[in-house]
Amino acid sequence: MTDAATATPAPLDAPRRRQLALGLVAERGFVRVAELSAAFGVTTVTARADLDALERQGAIRRVHGGAVPASSVLEAERPEREPSFEEALAASVEPKRSIGEYAASLVRSGQSVILDVGTTTLQIARALRARADLDDLVVFTNGLSIALELEDEIPRFTVVVTGGTLRPKQHSLVHPLAGSMLEEVHADLAFIGCNGVDPAHGVTNANLPEAAVKALMLRAAARAVVVADGSKLGEVHLGRIAPIDAFDVLVTDAAAPAPLVAELEASGLAVHLARDPKVDP
């Protein structure tokens, strides 16, 4: 007779393992394959199979080395409607400011720059204004807030507004006519804002007319930089701007989830983390 105190516990069946794995992902935000393998006494192959099954159910999202909660789970906590420009401006202020300063540091005198509409790109405009070393800069934008921000820098900067139909929610200019000027220029740099950056689904935006203009801006520049705070990594929205490989660099903040950053880098996208100079040594 086997001593009950020394008997080996019966292995967990697949449904129970997956239920427990889902709970760990939800609790921790990120769980490694090796952790699940050790916790459940299974091989890493079995642990990966469990995560793959959960991903097919839409319960989690697989990333390099493990899994994170599915975007749909995270989005359930957020309002479905698109926030206004003013609401977005009040959110993630410090991350956007640090991203703006880092992105502006990539610009050189004499260059032509496209600044997409958005609150993060508005921070780039403010950081460009603060750079006394910049001269002879040409800025193309479809954002009225950005154009007004840069108005006092004329003639040090030349500011060109794309034209188009005014979209009040974001103070942006969209089709028809927004693309006419963009098809005639070739800028050195384009800074593109977005609502989501995902390795598989690319860079996406919540609004289709704005996504279409962003795609034109991307094609009108020699180099393209996508700017997005960490909360947008792993997110997927309605309008696809372009795949990941259409961009040269992602500038995000230092709080961006490391597993998602690693997955984007594994997809070939260079990721630059903007750190707050007030905090970092």
# chains A, B, ... in the order shown; residues from 1 in each chain; ligands from 1
>>> residues_around(residues="Gly41 (chain A)", least_positions_apart="2", cutoff="12 Å", atoms="only C-alpha atoms", output="PyMOL selection string")
chain A and resi 8-13+17+33-39+43-47
>>> write_last_selection(atoms="all heavy atoms", output="compact mmCIF listing (two decimals), in the first residue's frame")
# COMPACT_ATOMS: atom_id res chain seq x y z
N THR A 8 2.70 10.69 -5.08
CA THR A 8 2.88 11.77 -6.04
C THR A 8 1.52 12.31 -6.47
O THR A 8 0.64 11.52 -6.82
CB THR A 8 3.64 11.26 -7.29
OG1 THR A 8 4.88 10.72 -6.87
CG2 THR A 8 3.84 12.38 -8.29
N PRO A 9 1.32 13.62 -6.42
CA PRO A 9 0.02 14.18 -6.82
C PRO A 9 -0.29 13.83 -8.27
O PRO A 9 0.59 13.76 -9.12
CB PRO A 9 0.21 15.69 -6.65
CG PRO A 9 1.38 15.84 -5.73
CD PRO A 9 2.25 14.67 -5.99
N ALA A 10 -1.56 13.57 -8.55
CA ALA A 10 -1.97 13.27 -9.91
C ALA A 10 -1.73 14.49 -10.80
O ALA A 10 -1.97 15.62 -10.37
CB ALA A 10 -3.46 12.90 -9.94
N PRO A 11 -1.23 14.29 -12.00
CA PRO A 11 -0.97 15.43 -12.89
C PRO A 11 -2.28 16.12 -13.26
O PRO A 11 -3.34 15.48 -13.36
CB PRO A 11 -0.30 14.79 -14.10
CG PRO A 11 -0.72 13.35 -14.07
CD PRO A 11 -0.87 13.00 -12.63
N LEU A 12 -2.19 17.41 -13.45
CA LEU A 12 -3.38 18.17 -13.84
C LEU A 12 -3.74 17.86 -15.28
O LEU A 12 -2.86 17.73 -16.14
CB LEU A 12 -3.10 19.67 -13.69
CG LEU A 12 -2.82 20.19 -12.28
CD1 LEU A 12 -2.35 21.64 -12.35
CD2 LEU A 12 -4.06 20.08 -11.42
N ASP A 13 -5.03 17.77 -15.56
CA ASP A 13 -5.43 17.58 -16.95
C ASP A 13 -5.36 18.92 -17.68
O ASP A 13 -5.24 19.99 -17.07
CB ASP A 13 -6.82 16.96 -17.05
CG ASP A 13 -7.92 17.81 -16.40
OD1 ASP A 13 -7.67 19.00 -16.13
OD2 ASP A 13 -9.02 17.28 -16.16
N ARG A 17 -5.12 22.83 -16.22
CA ARG A 17 -3.87 23.57 -16.39
C ARG A 17 -4.11 24.91 -17.06
O ARG A 17 -3.59 25.94 -16.66
CB ARG A 17 -2.87 22.77 -17.23
CG ARG A 17 -2.11 21.68 -16.53
CD ARG A 17 -0.88 21.27 -17.34
NE ARG A 17 -1.08 21.20 -18.77
CZ ARG A 17 -1.49 20.11 -19.42
NH1 ARG A 17 -1.75 19.00 -18.74
NH2 ARG A 17 -1.63 20.12 -20.73
N VAL A 33 6.82 30.82 -20.27
CA VAL A 33 6.60 29.40 -20.53
C VAL A 33 7.30 28.55 -19.47
O VAL A 33 6.74 27.58 -18.95
CB VAL A 33 7.11 29.03 -21.94
CG1 VAL A 33 7.13 27.52 -22.13
CG2 VAL A 33 6.25 29.70 -23.01
N ALA A 34 8.54 28.94 -19.13
CA ALA A 34 9.31 28.16 -18.15
C ALA A 34 8.63 28.15 -16.79
O ALA A 34 8.68 27.14 -16.07
CB ALA A 34 10.71 28.74 -18.03
N GLU A 35 7.97 29.24 -16.42
CA GLU A 35 7.27 29.31 -15.13
C GLU A 35 6.09 28.34 -15.11
O GLU A 35 5.85 27.65 -14.11
CB GLU A 35 6.79 30.74 -14.86
CG GLU A 35 7.92 31.73 -14.63
CD GLU A 35 7.43 33.16 -14.56
OE1 GLU A 35 6.35 33.46 -15.12
OE2 GLU A 35 8.13 34.00 -13.95
N LEU A 36 5.35 28.27 -16.20
CA LEU A 36 4.22 27.34 -16.28
C LEU A 36 4.70 25.89 -16.28
O LEU A 36 4.09 25.03 -15.65
CB LEU A 36 3.40 27.63 -17.54
CG LEU A 36 2.71 28.99 -17.60
CD1 LEU A 36 1.96 29.14 -18.92
CD2 LEU A 36 1.76 29.18 -16.43
N SER A 37 5.80 25.65 -16.98
CA SER A 37 6.37 24.31 -17.02
C SER A 37 6.73 23.82 -15.61
O SER A 37 6.40 22.70 -15.22
CB SER A 37 7.60 24.30 -17.92
OG SER A 37 8.27 23.06 -17.85
N ALA A 38 7.38 24.69 -14.84
CA ALA A 38 7.79 24.33 -13.48
C ALA A 38 6.58 24.22 -12.54
O ALA A 38 6.51 23.32 -11.71
CB ALA A 38 8.77 25.37 -12.94
N ALA A 39 5.63 25.12 -12.68
CA ALA A 39 4.48 25.14 -11.79
C ALA A 39 3.60 23.91 -11.95
O ALA A 39 3.06 23.39 -10.97
CB ALA A 39 3.66 26.40 -12.02
N THR A 43 6.35 19.60 -19.59
CA THR A 43 7.45 20.06 -20.43
C THR A 43 7.12 21.45 -20.98
O THR A 43 5.96 21.88 -20.97
CB THR A 43 7.67 19.11 -21.63
OG1 THR A 43 6.52 19.15 -22.48
CG2 THR A 43 7.91 17.69 -21.15
N THR A 44 8.15 22.14 -21.45
CA THR A 44 7.92 23.45 -22.04
C THR A 44 7.07 23.33 -23.31
O THR A 44 6.33 24.26 -23.65
CB THR A 44 9.25 24.16 -22.37
OG1 THR A 44 10.04 23.31 -23.21
CG2 THR A 44 10.02 24.49 -21.09
N VAL A 45 7.18 22.20 -24.00
CA VAL A 45 6.35 21.97 -25.20
C VAL A 45 4.88 21.95 -24.82
O VAL A 45 4.04 22.57 -25.49
CB VAL A 45 6.76 20.66 -25.89
CG1 VAL A 45 5.80 20.34 -27.04
CG2 VAL A 45 8.19 20.74 -26.41
N THR A 46 4.55 21.26 -23.73
CA THR A 46 3.16 21.20 -23.26
C THR A 46 2.69 22.57 -22.79
O THR A 46 1.55 22.98 -23.07
CB THR A 46 3.03 20.18 -22.12
OG1 THR A 46 3.39 18.88 -22.61
CG2 THR A 46 1.60 20.13 -21.59
N ALA A 47 3.57 23.30 -22.08
CA ALA A 47 3.20 24.63 -21.60
C ALA A 47 2.91 25.56 -22.78
O ALA A 47 1.94 26.34 -22.75
CB ALA A 47 4.32 25.20 -20.73
>>> residues_around(residues="Ala14 (chain A)", least_positions_apart="5", cutoff="12 Å", atoms="only C-alpha atoms", output="list of chain:residue names")
A:Gln19, A:Leu20, A:Ala21, A:Phe40, A:Val42, A:Thr46, A:Ala47, A:Arg48, A:Ala49, A:Asp50, A:Leu51, A:Ala53, A:Leu54
>>> write_last_selection(atoms="N, CA and C atoms", output="mmCIF file, in the first residue's frame")
data_model
loop_
_atom_site.group_PDB
_atom_site.id
_atom_site.type_symbol
_atom_site.label_atom_id
_atom_site.label_comp_id
_atom_site.auth_asym_id
_atom_site.auth_seq_id
_atom_site.Cartn_x
_atom_site.Cartn_y
_atom_site.Cartn_z
ATOM 1 N N GLN A 19 -6.874 26.624 -17.264
ATOM 2 C CA GLN A 19 -7.625 27.531 -16.401
ATOM 3 C C GLN A 19 -6.704 28.218 -15.404
ATOM 4 N N LEU A 20 -5.797 27.444 -14.812
ATOM 5 C CA LEU A 20 -4.840 28.013 -13.856
ATOM 6 C C LEU A 20 -3.856 28.956 -14.566
ATOM 7 N N ALA A 21 -3.415 28.565 -15.760
ATOM 8 C CA ALA A 21 -2.486 29.413 -16.519
ATOM 9 C C ALA A 21 -3.137 30.747 -16.853
ATOM 10 N N PHE A 40 3.454 23.438 -13.185
ATOM 11 C CA PHE A 40 2.525 22.340 -13.446
ATOM 12 C C PHE A 40 3.223 21.008 -13.674
ATOM 13 N N VAL A 42 5.119 20.033 -16.219
ATOM 14 C CA VAL A 42 4.999 19.574 -17.598
ATOM 15 C C VAL A 42 6.192 20.094 -18.395
ATOM 16 N N THR A 46 4.549 21.256 -23.725
ATOM 17 C CA THR A 46 3.162 21.199 -23.261
ATOM 18 C C THR A 46 2.690 22.569 -22.794
ATOM 19 N N ALA A 47 3.570 23.297 -22.083
ATOM 20 C CA ALA A 47 3.199 24.630 -21.604
ATOM 21 C C ALA A 47 2.906 25.564 -22.780
ATOM 22 N N ARG A 48 3.721 25.491 -23.830
ATOM 23 C CA ARG A 48 3.474 26.319 -25.017
ATOM 24 C C ARG A 48 2.153 25.933 -25.683
ATOM 25 N N ALA A 49 1.880 24.618 -25.738
ATOM 26 C CA ALA A 49 0.623 24.150 -26.335
ATOM 27 C C ALA A 49 -0.579 24.679 -25.563
ATOM 28 N N ASP A 50 -0.460 24.724 -24.231
ATOM 29 C CA ASP A 50 -1.545 25.283 -23.411
ATOM 30 C C ASP A 50 -1.781 26.756 -23.741
ATOM 31 N N LEU A 51 -0.689 27.496 -23.852
ATOM 32 C CA LEU A 51 -0.818 28.922 -24.163
ATOM 33 C C LEU A 51 -1.368 29.128 -25.578
ATOM 34 N N ALA A 53 -3.412 27.176 -27.103
ATOM 35 C CA ALA A 53 -4.845 26.879 -27.048
ATOM 36 C C ALA A 53 -5.616 28.055 -26.455
ATOM 37 N N LEU A 54 -5.064 28.676 -25.430
ATOM 38 C CA LEU A 54 -5.719 29.841 -24.815
ATOM 39 C C LEU A 54 -5.761 31.018 -25.781
#
>>> atom_distance(atom1="CA of Met181 (chain A)", atom2="CA of Arg156 (chain A)")
21.9 Å
>>> residues_around(residues="Ile244 (chain A)", least_positions_apart="2", cutoff="7 Å", atoms="only C-alpha atoms", output="PyMOL selection string")
chain A and resi 199+202-203+242+246-247+269
>>> closest_atom_pairs(of="region 134-167 of chain A", to="region 207-211 of chain A", cutoff="12 Å", atoms="only C-alpha atoms", output="tab-separated table")
residue	atom	partner	partner_atom	distance
A:Asn142	CA	A:Glu210	CA	9.5
A:Gly143	CA	A:Glu210	CA	10.6
A:Gly164	CA	A:Pro209	CA	11.0
A:Thr165	CA	A:Pro209	CA	10.1
A:Leu166	CA	A:Glu210	CA	11.0
A:Arg167	CA	A:Glu210	CA	9.1
>>> closest_residue(among="A:His175, A:His186, A:Arg97, A:Arg126", to="Ser112 (chain A)", atoms="only C-alpha atoms")
A:His186
>>> select_by_dssp(residues="region 64-271 of chain A", states="helix (DSSP H, G or I)", output="MDAnalysis selection string")
chainID A and resid 71:75 85:89 93:104 119:130 144:153 178:182 208:219 230:232 244:246 258:266
>>> residues_around(residues="Gly29 (chain A)", least_positions_apart="4", cutoff="9 Å", atoms="only C-alpha atoms", output="list in words")
Leu24, Val25, Ala67, Val68 and Pro69 of chain A
>>> residues_around(residues="Ser180 (chain A)", least_positions_apart="6", cutoff="12 Å", atoms="only C-alpha atoms", output="PyMOL selection string")
chain A and resi 142+161-164+173-174+213+216-217+220
>>> residues_around(residues="Ile114 (chain A)", least_positions_apart="2", cutoff="6 Å", atoms="only C-alpha atoms", output="PyMOL selection string")
chain A and resi 139-141+190
>>> residues_around(residues="region 226-235 of chain A", least_positions_apart="5", cutoff="6 Å", atoms="only C-alpha atoms", output="list of chain:residue names")
A:Ser71, A:Phe191, A:Ile192, A:Gly193, A:Asn195, A:Gly196, A:Val197, A:Asp198, A:Leu250, A:Val251, A:Thr252, A:Asp253, A:Ala256
>>> closest_residue(among="A:Ala104, A:Ala222, A:Ala147, A:Ala212", to="Leu128 (chain A)", atoms="only C-alpha atoms")
A:Ala104
>>> select_by_dssp(residues="region 54-173 of chain A", states="strand (DSSP E or B)", output="number ranges by chain")
A: 60-63, 66-69, 112-115, 137-141, 143, 157-161, 165-167, 172-173
>>> closest_residue(among="A:Ala274, A:His237, A:Val138, A:Ile146", to="Ala255 (chain A)", atoms="only C-alpha atoms")
A:Ala274
>>> atom_distance(atom1="CA of Leu150 (chain A)", atom2="CA of Thr121 (chain A)")
12.0 Å
>>> atom_distance(atom1="CA of Ala224 (chain A)", atom2="CA of Leu189 (chain A)")
5.8 Å
